[in-house]
Every structure is written in C-alpha cells, then in structure tokens.
Amino acid sequence: MKYRLLVVASLSAWTLLMLGGGLTFAHHSVAATYIHGKSVKIEGTLKELIWRNPHSFIKVEAPDEKGEMQIWIIEGAAPGQLAEQGLTTNRLRPGDHVILTGQPGRIAEDHRLLLETVERPSDGFKWKGPAAGLQ
C-alpha cells in the first residue's frame, strides 16, 4: 500500500512538473519567427500602436518590395521596456510619417518585422532599440 501511494505521488509530481515546465517554454522564439542578421527598411504612415504585454505592435502602411502598399506588423518589446528606452505612445501617433528598420519575418507575405529603429523625419525623432544590436 505504501509503495502504491509512493508511485502515485511520484507520478503526480512528475506530471505537474512536465505540464508546468511546458508553459515556461511556450513563448515563441525570435529566431523561429524572424531572420536574424538581416534588416529591412520600410517608410510609410503609422496606422496603429498596440501597447500591450508581452509585446507591443506598430502597424505601418508602406510599400513592399514590389511597390504595393501593405500593412506591416512591427513587433516590439513590452510597453514598459519600450518606455524605459524612450519610446512611448506620446512619441508616436497614428498618421505620423515614419521610417522603420527591423528583422524581417520568415514568411515574407506576412509583412512582419522585429523592431530595430524608428525615425520620424518631420521633427528628427530617432529611436534605436536593443534588437538593432543583434545583427
């Protein structure tokens, strides 16, 4: 009876560790989503800022490599991290003409970038994030 209880308790603990450990690794890999070491530059109109955890997003309407207008999704860090680095919702507004660089997504048709830099030519605002140093 004691042996059976020990086996059940051990299996239960092992199961909980495996399930809980899986959640730790559930976060996506940047290397699996974006092409490390390559940078793409887009220039267009900022359409939307999505400041949320765990990642913020910037939507920009800009031409693709064929010259066709697309909505690009640029993934950034969490809002707190971006704010610590000087990029806040007060710095950028929908309608701003912006130039961004980022590591391109592995699926070109998705028009995704991992945020590296932001420029707003109208007033000279420039921001460089930590992903810019990963090249």
# chains A, B, ... in the order shown; residues from 1 in each chain; ligands from 1
call {"tool": "closest_atom_pairs", "arguments": {"of": "segment 71-104 of chain A", "to": "segment 108-120 of chain A", "cutoff": "8 Å", "atoms": "only C-alpha atoms", "output": "Markdown table"}}
result
| residue | atom | partner | partner_atom | distance |
| --- | --- | --- | --- | --- |
| A:Ile71 | CA | A:His111 | CA | 7.1 |
| A:Trp72 | CA | A:His111 | CA | 4.9 |
| A:Ile73 | CA | A:Arg112 | CA | 4.8 |
| A:Ile74 | CA | A:Leu113 | CA | 4.6 |
| A:Glu75 | CA | A:Leu114 | CA | 4.9 |
| A:Gly76 | CA | A:Leu115 | CA | 5.3 |
| A:Asp96 | CA | A:Arg120 | CA | 7.2 |
| A:His97 | CA | A:Arg120 | CA | 6.2 |
| A:Val98 | CA | A:Arg120 | CA | 4.7 |
| A:Ile99 | CA | A:Glu119 | CA | 5.0 |
| A:Leu100 | CA | A:Val118 | CA | 4.6 |
| A:Thr101 | CA | A:Thr117 | CA | 5.2 |
| A:Gly102 | CA | A:Leu115 | CA | 4.6 |
| A:Gln103 | CA | A:Leu114 | CA | 4.9 |
| A:Pro104 | CA | A:Leu113 | CA | 4.5 |
call {"tool": "write_last_selection", "arguments": {"atoms": "N, CA and C atoms", "output": "mmCIF file, in the first residue's frame"}}
result
data_model
loop_
_atom_site.group_PDB
_atom_site.id
_atom_site.type_symbol
_atom_site.label_atom_id
_atom_site.label_comp_id
_atom_site.auth_asym_id
_atom_site.auth_seq_id
_atom_site.Cartn_x
_atom_site.Cartn_y
_atom_site.Cartn_z
ATOM 1 N N ILE A 71 0.015 46.552 -45.139
ATOM 2 C CA ILE A 71 0.066 46.845 -43.708
ATOM 3 C C ILE A 71 1.146 45.954 -43.122
ATOM 4 N N TRP A 72 2.167 46.574 -42.581
ATOM 5 C CA TRP A 72 3.280 45.873 -41.953
ATOM 6 C C TRP A 72 3.021 45.813 -40.457
ATOM 7 N N ILE A 73 3.308 44.682 -39.854
ATOM 8 C CA ILE A 73 3.176 44.497 -38.418
ATOM 9 C C ILE A 73 4.593 44.451 -37.843
ATOM 10 N N ILE A 74 4.911 45.430 -37.011
ATOM 11 C CA ILE A 74 6.245 45.520 -36.440
ATOM 12 C C ILE A 74 6.133 45.180 -34.954
ATOM 13 N N GLU A 75 6.817 44.118 -34.549
ATOM 14 C CA GLU A 75 6.752 43.648 -33.174
ATOM 15 C C GLU A 75 7.867 44.271 -32.347
ATOM 16 N N GLY A 76 7.478 44.803 -31.200
ATOM 17 C CA GLY A 76 8.450 45.382 -30.286
ATOM 18 C C GLY A 76 8.387 44.703 -28.936
ATOM 19 N N ASP A 96 1.587 59.651 -38.361
ATOM 20 C CA ASP A 96 2.994 60.049 -38.495
ATOM 21 C C ASP A 96 3.632 59.353 -39.695
ATOM 22 N N HIS A 97 4.453 60.093 -40.417
ATOM 23 C CA HIS A 97 5.282 59.504 -41.466
ATOM 24 C C HIS A 97 6.529 58.970 -40.764
ATOM 25 N N VAL A 98 6.770 57.670 -40.897
ATOM 26 C CA VAL A 98 7.878 57.043 -40.168
ATOM 27 C C VAL A 98 8.746 56.192 -41.092
ATOM 28 N N ILE A 99 9.975 56.018 -40.653
ATOM 29 C CA ILE A 99 10.918 55.105 -41.306
ATOM 30 C C ILE A 99 11.331 54.115 -40.223
ATOM 31 N N LEU A 100 11.119 52.831 -40.482
ATOM 32 C CA LEU A 100 11.461 51.810 -39.500
ATOM 33 C C LEU A 100 12.398 50.797 -40.117
ATOM 34 N N THR A 101 13.239 50.227 -39.282
ATOM 35 C CA THR A 101 14.035 49.081 -39.702
ATOM 36 C C THR A 101 13.726 47.950 -38.738
ATOM 37 N N GLY A 102 13.869 46.742 -39.254
ATOM 38 C CA GLY A 102 13.618 45.584 -38.415
ATOM 39 C C GLY A 102 14.051 44.307 -39.106
ATOM 40 N N GLN A 103 14.149 43.278 -38.309
ATOM 41 C CA GLN A 103 14.479 41.967 -38.848
ATOM 42 C C GLN A 103 13.208 41.394 -39.466
ATOM 43 N N PRO A 104 13.281 40.961 -40.725
ATOM 44 C CA PRO A 104 12.069 40.504 -41.413
ATOM 45 C C PRO A 104 11.575 39.156 -40.894
#
call {"tool": "residues_around", "arguments": {"residues": "Asn53 of chain A", "least_positions_apart": "3", "cutoff": "8 Å", "atoms": "only C-alpha atoms", "output": "MDAnalysis selection string"}}
result
chainID A and resid 56 78:79
call {"tool": "write_last_selection", "arguments": {"atoms": "N, CA, C and O atoms", "output": "CSV table (one decimal), in the first residue's frame"}}
result
chain,number,residue,atom,x,y,z
A,56,SER,N,4.5,44.7,-27.7
A,56,SER,CA,3.8,45.8,-28.4
A,56,SER,C,3.9,45.6,-29.9
A,56,SER,O,4.8,45.0,-30.4
A,78,ALA,N,7.8,44.7,-24.6
A,78,ALA,CA,6.7,45.1,-23.8
A,78,ALA,C,6.7,46.6,-23.6
A,78,ALA,O,7.7,47.3,-23.7
A,79,PRO,N,5.5,47.2,-23.4
A,79,PRO,CA,5.4,48.7,-23.2
A,79,PRO,C,6.4,49.2,-22.2
A,79,PRO,O,7.0,50.3,-22.4
call {"tool": "residues_around", "arguments": {"residues": "Ala62 of chain A", "least_positions_apart": "5", "cutoff": "9 Å", "atoms": "only C-alpha atoms", "output": "PyMOL selection string"}}
result
chain A and resi 42-46+67-72
call {"tool": "closest_residue", "arguments": {"among": "A:Arg52, A:Gly95, A:Gly37, A:Ala32", "to": "Leu82 of chain A", "atoms": "only C-alpha atoms"}}
result
A:Arg52
call {"tool": "select_by_dssp", "arguments": {"residues": "segment 19-97 of chain A", "states": "strand (DSSP E)", "output": "list in words"}}
result
Val40, Lys41, Ile42, Glu43, Gly44, Thr45, Leu46, Lys47, Glu48, Leu49, Ile50, Phe57, Ile58, Lys59, Val60, Glu61, Ala62, Pro63, Met69, Gln70, Ile71, Trp72, Ile73, Ile74, Glu75 and His97 of chain A
call {"tool": "residues_around", "arguments": {"residues": "Arg93 of chain A", "least_positions_apart": "5", "cutoff": "9 Å", "atoms": "only C-alpha atoms", "output": "PDB file with N, CA, C and O atoms, in the first residue's frame"}}
result
ATOM      1  N   LEU A  46       2.215  55.578 -40.102  1.00  0.00           N
ATOM      2  CA  LEU A  46       1.860  54.822 -38.918  1.00  0.00           C
ATOM      3  C   LEU A  46       0.340  54.773 -38.806  1.00  0.00           C
ATOM      4  O   LEU A  46      -0.322  55.812 -38.835  1.00  0.00           O
ATOM      5  N   LYS A  47      -0.210  53.578 -38.711  1.00  0.00           N
ATOM      6  CA  LYS A  47      -1.654  53.400 -38.667  1.00  0.00           C
ATOM      7  C   LYS A  47      -2.171  53.132 -37.265  1.00  0.00           C
ATOM      8  O   LYS A  47      -3.251  53.584 -36.910  1.00  0.00           O
ATOM      9  N   GLU A  48      -1.420  52.341 -36.489  1.00  0.00           N
ATOM     10  CA  GLU A  48      -1.916  51.960 -35.172  1.00  0.00           C
ATOM     11  C   GLU A  48      -0.758  51.557 -34.259  1.00  0.00           C
ATOM     12  O   GLU A  48       0.209  50.960 -34.704  1.00  0.00           O
ATOM     13  N   LEU A  49      -0.905  51.892 -32.983  1.00  0.00           N
ATOM     14  CA  LEU A  49       0.024  51.453 -31.943  1.00  0.00           C
ATOM     15  C   LEU A  49      -0.750  50.519 -31.025  1.00  0.00           C
ATOM     16  O   LEU A  49      -1.834  50.858 -30.563  1.00  0.00           O
TER      17      LEU A  49
END
call {"tool": "residues_around", "arguments": {"residues": "Leu87 of chain A", "least_positions_apart": "4", "cutoff": "10 Å", "atoms": "only C-alpha atoms", "output": "list of chain:residue names"}}
result
A:Pro79, A:Gly80, A:Gln81, A:Leu82, A:Ala83, A:Arg91, A:Leu92, A:Val118, A:Lys126, A:Trp127, A:Lys128, A:Gly129
call {"tool": "atom_distance", "arguments": {"atom1": "atom CA of Pro94 of chain A", "atom2": "atom CA of Ile50 of chain A"}}
result
10.9 Å
call {"tool": "closest_residue", "arguments": {"among": "A:Asn90, A:Gly124, A:Phe57, A:Val40", "to": "Ala77 of chain A", "atoms": "only C-alpha atoms"}}
result
A:Phe57
call {"tool": "atom_distance", "arguments": {"atom1": "atom CA of Ile58 of chain A", "atom2": "atom CA of Thr88 of chain A"}}
result
11.6 Å
